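J.: Please read through the structure below; I'll follow up with questions.
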Amino acid sequence: MNYPIYLIAASLIVTLLTACGSTKDKDTPPATPKVEIKEKTPKALEPEAKIEAKGVHPYDSDWGYEKENGPNIWAQLSDNYKICESGELQSPINLKWSQPQVNTRKIEFDYKDAPLQISDNGHSIVVQFPPGSNGYFGGKQFELVNLHFHTSSEHTLSGNQLPMEAHLVHKNELGQISIIGIFLIEGRSNPFIEKIWNHIPAKKYQDRLIPNLLVNAKDLIPNRMTYYFYVGSLTTPPCTEGVRWHVLNTPVEVSRDQIIAFRKVYSNNSRPVQPLKSRNVINY
Ligand SMILES: [Zn+2]
């Protein structure tokens, strides 16, 4: 049976109007189609985002620091983590004290103020930096990506573990990684650390963006810039090798309360030292 097209159209309009009328109050404005808004990742957070933006991340959670998922068995947890055990350039390592050489390989900073973006990624507290902050290692430009923390320290100094270690992770266009390691020791309260600790997310796998709180990673860096240089790896799975490590000689003071505050969130997130094998460590 064929109806003229205008009759079908008219009956459709009547049906739609009736449906709207029966489900909505008279005062309700016409419904607009709902657009699904995806959870934003830290990189996608815009400065105009809410003061407290929360998101859930595809963070890897198959490894950790407990007996059942800790550093001794990382290589067994995934085929992607094999190098954690079989690698020749693994980090951290023990750093034997040596007299710094005349510093011919200076690190220079061009770090910018940025709104605090802070995450608990399930393994550490991480401050993310937007593009624009750069470190220059022997003149080569690497962009600052994040700052995160370990307790106790991962590198050891002449066999001694220190209370905490901060890592400033940089990448260049080729995907190469340069990390600055800074020992944190007990002393005076550190205002930069205080700024960050005040905004640690309440739960794991959460992010926060504080648009009106500017941070500059330069505020964590000590004046004296001699450092141990060696080629190592990420200290967390997948333990990727080829990372250029710069572990500063000069530690930075944080208060006992600041150490305790971090340990309430992460009581232990440090990988034990790895064999040096045939590597050289130079104290620049
Ligand atoms: Zn680290």
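Letters A, B, ... mark the chains of the structure tokens in the order given; residue numbers begin at 1 per chain; ligand numbers begin at 1, in order shown.
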What's around Leu214 in chain A at 6 Å? Count only C-alpha atoms, leave out sequence neighbours fewer than 6 positions away in its own chain, and write the answer as an MDAnalysis selection string.
T.: chainID A and resid 113:116
J.: Using the selection just defined, write its residues with N, CA, C and O atoms as a CSV table (one decimal), in the first residue's frame.
T.:
```
chain,number,residue,atom,x,y,z
A,113,ASP,N,57.0,29.1,33.9
A,113,ASP,CA,55.9,28.9,34.8
A,113,ASP,C,54.7,28.2,34.1
A,113,ASP,O,54.4,28.5,33.0
A,114,ALA,N,54.1,27.3,34.8
A,114,ALA,CA,53.0,26.6,34.2
A,114,ALA,C,52.0,26.3,35.3
A,114,ALA,O,52.3,26.0,36.5
A,115,PRO,N,50.7,26.2,35.0
A,115,PRO,CA,49.7,25.9,36.0
A,115,PRO,C,49.9,24.5,36.5
A,115,PRO,O,50.3,23.6,35.7
A,116,LEU,N,49.7,24.3,37.8
A,116,LEU,CA,50.0,23.0,38.4
A,116,LEU,C,49.0,21.9,37.8
A,116,LEU,O,47.8,22.0,38.0
```
J.: Using only C-alpha atoms and all ligand atoms, which protein or nucleic acid residues are at most 7 Å from ligand 1, as a PyMOL selection string?
T.: chain A and resi 148-150+166-167+235
J.: Limited to C-alpha atoms, could you put the picked residues into a file as a compact mmCIF listing (two decimals), in the first residue's frame?
T.:
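Contents of out-v9.txt, freshly written:
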```txt
# COMPACT_ATOMS: atom_id res chain seq x y z
CA HIS A 148 57.85 12.73 39.97
CA PHE A 149 59.12 11.34 43.23
CA HIS A 150 60.46 8.17 44.79
CA ALA A 166 62.95 13.58 42.49
CA HIS A 167 63.12 12.90 38.75
CA THR A 235 63.58 2.79 36.74
```
J.: Mind checking which residues fall within 9 Å of Asn249 in chain A, counting only C-alpha atoms, ignoring those fewer than 4 positions away in the same chain, and posting them as a list in words?
T.: Pro100, Ile182, Phe183, Arg224, Met225, Thr226, Tyr227, Tyr228 and Asn283 of chain A
J.: Any chance you can output those residues with all heavy atoms as a short mmCIF file (atom, residue, chain, number, x, y, z; two decimals), in the first residue's frame?
T.:
```cif
data_model
loop_
_atom_site.label_atom_id
_atom_site.label_comp_id
_atom_site.auth_asym_id
_atom_site.auth_seq_id
_atom_site.Cartn_x
_atom_site.Cartn_y
_atom_site.Cartn_z
N PRO A 100 84.15 15.95 41.54
CA PRO A 100 83.62 16.41 40.25
C PRO A 100 84.74 16.99 39.36
O PRO A 100 85.65 17.64 39.85
CB PRO A 100 82.64 17.52 40.64
CG PRO A 100 82.33 17.29 42.07
CD PRO A 100 83.55 16.64 42.67
N ILE A 182 67.40 14.25 41.60
CA ILE A 182 67.77 15.13 42.72
C ILE A 182 67.46 14.41 44.02
O ILE A 182 66.32 13.99 44.25
CB ILE A 182 66.99 16.47 42.67
CG1 ILE A 182 67.15 17.14 41.30
CG2 ILE A 182 67.45 17.40 43.79
CD1 ILE A 182 66.32 18.42 41.13
N PHE A 183 68.50 14.26 44.86
CA PHE A 183 68.27 13.66 46.17
C PHE A 183 67.56 14.67 47.07
O PHE A 183 67.94 15.84 47.10
CB PHE A 183 69.60 13.27 46.82
CG PHE A 183 70.30 12.13 46.13
CD1 PHE A 183 71.53 12.32 45.51
CD2 PHE A 183 69.72 10.86 46.11
CE1 PHE A 183 72.18 11.27 44.88
CE2 PHE A 183 70.37 9.80 45.47
CZ PHE A 183 71.60 10.00 44.85
N ARG A 224 74.21 24.72 42.92
CA ARG A 224 75.42 24.04 42.45
C ARG A 224 75.01 22.87 41.56
O ARG A 224 74.23 22.02 41.96
CB ARG A 224 76.22 23.54 43.66
CG ARG A 224 77.58 23.03 43.32
CD ARG A 224 78.43 22.90 44.59
NE ARG A 224 79.64 22.16 44.34
CZ ARG A 224 79.73 20.83 44.43
NH1 ARG A 224 78.68 20.11 44.77
NH2 ARG A 224 80.87 20.22 44.19
N MET A 225 75.53 22.89 40.35
CA MET A 225 75.01 21.97 39.34
C MET A 225 76.05 20.96 38.85
O MET A 225 76.21 20.78 37.65
CB MET A 225 74.47 22.76 38.17
CG MET A 225 73.07 23.29 38.40
SD MET A 225 71.86 21.97 38.53
CE MET A 225 72.02 21.25 36.91
N THR A 226 76.78 20.33 39.79
CA THR A 226 77.63 19.22 39.32
C THR A 226 76.78 17.95 39.41
O THR A 226 75.86 17.87 40.21
CB THR A 226 78.89 19.09 40.17
OG1 THR A 226 78.51 18.91 41.53
CG2 THR A 226 79.76 20.34 40.04
N TYR A 227 77.10 16.99 38.58
CA TYR A 227 76.22 15.81 38.52
C TYR A 227 76.97 14.57 38.04
O TYR A 227 77.97 14.66 37.33
CB TYR A 227 75.04 16.10 37.59
CG TYR A 227 75.44 16.43 36.17
CD1 TYR A 227 75.60 15.43 35.21
CD2 TYR A 227 75.67 17.76 35.78
CE1 TYR A 227 75.98 15.74 33.92
CE2 TYR A 227 76.04 18.07 34.48
CZ TYR A 227 76.19 17.06 33.56
OH TYR A 227 76.57 17.36 32.28
N TYR A 228 76.46 13.43 38.47
CA TYR A 228 76.94 12.15 37.97
C TYR A 228 76.20 11.87 36.67
O TYR A 228 74.97 11.91 36.63
CB TYR A 228 76.62 11.03 38.95
CG TYR A 228 77.37 11.12 40.25
CD1 TYR A 228 76.83 11.80 41.34
CD2 TYR A 228 78.62 10.52 40.40
CE1 TYR A 228 77.51 11.87 42.55
CE2 TYR A 228 79.31 10.60 41.60
CZ TYR A 228 78.75 11.28 42.67
OH TYR A 228 79.42 11.36 43.85
N ASN A 283 81.61 12.10 37.00
CA ASN A 283 81.10 13.18 37.85
C ASN A 283 81.52 14.51 37.26
O ASN A 283 82.65 14.95 37.42
CB ASN A 283 81.60 13.00 39.28
CG ASN A 283 80.81 13.86 40.27
OD1 ASN A 283 79.90 14.58 39.86
ND2 ASN A 283 81.14 13.76 41.53
#
```
J.: For the atom pair CA of Gly232 in chain A and CA of Ile107 in chain A, what is the interatomic distance in Å to one decimal place?
T.: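 So the answer is 18.1 Å.
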J.: Enumerate the residues of range 108-216 of chain A with a DSSP assignment of alpha helix (DSSP H), computed from the backbone, and present them as an MDAnalysis selection string.
T.: chainID A and resid 191:197
J.: Could those residues be written to a file, using N, CA and C atoms, as a compact mmCIF listing (two decimals), in the first residue's frame?
T.:
```txt
# COMPACT_ATOMS: atom_id res chain seq x y z
N PRO A 191 59.48 25.17 50.11
CA PRO A 191 58.24 25.83 49.65
C PRO A 191 57.72 25.28 48.33
N PHE A 192 58.61 24.89 47.42
CA PHE A 192 58.17 24.33 46.13
C PHE A 192 57.43 23.00 46.36
N ILE A 193 58.03 22.16 47.21
CA ILE A 193 57.41 20.86 47.53
C ILE A 193 56.06 21.09 48.23
N GLU A 194 56.02 22.10 49.11
CA GLU A 194 54.78 22.38 49.84
C GLU A 194 53.62 22.71 48.88
N LYS A 195 53.96 23.55 47.87
CA LYS A 195 52.97 23.91 46.85
C LYS A 195 52.36 22.67 46.21
N ILE A 196 53.24 21.71 45.90
CA ILE A 196 52.80 20.50 45.21
C ILE A 196 52.02 19.58 46.15
N TRP A 197 52.59 19.35 47.32
CA TRP A 197 51.97 18.41 48.28
C TRP A 197 50.55 18.86 48.67
```
J.: From the set A:His123, A:Arg188, A:Lys277, A:Arg208, which residue has the shortest atom-to-atom contact distance to Trp63 in chain A, counting only C-alpha atoms?
T.: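 Residue with the minimum atom-to-atom distance to Trp63 in chain A: A:His123.
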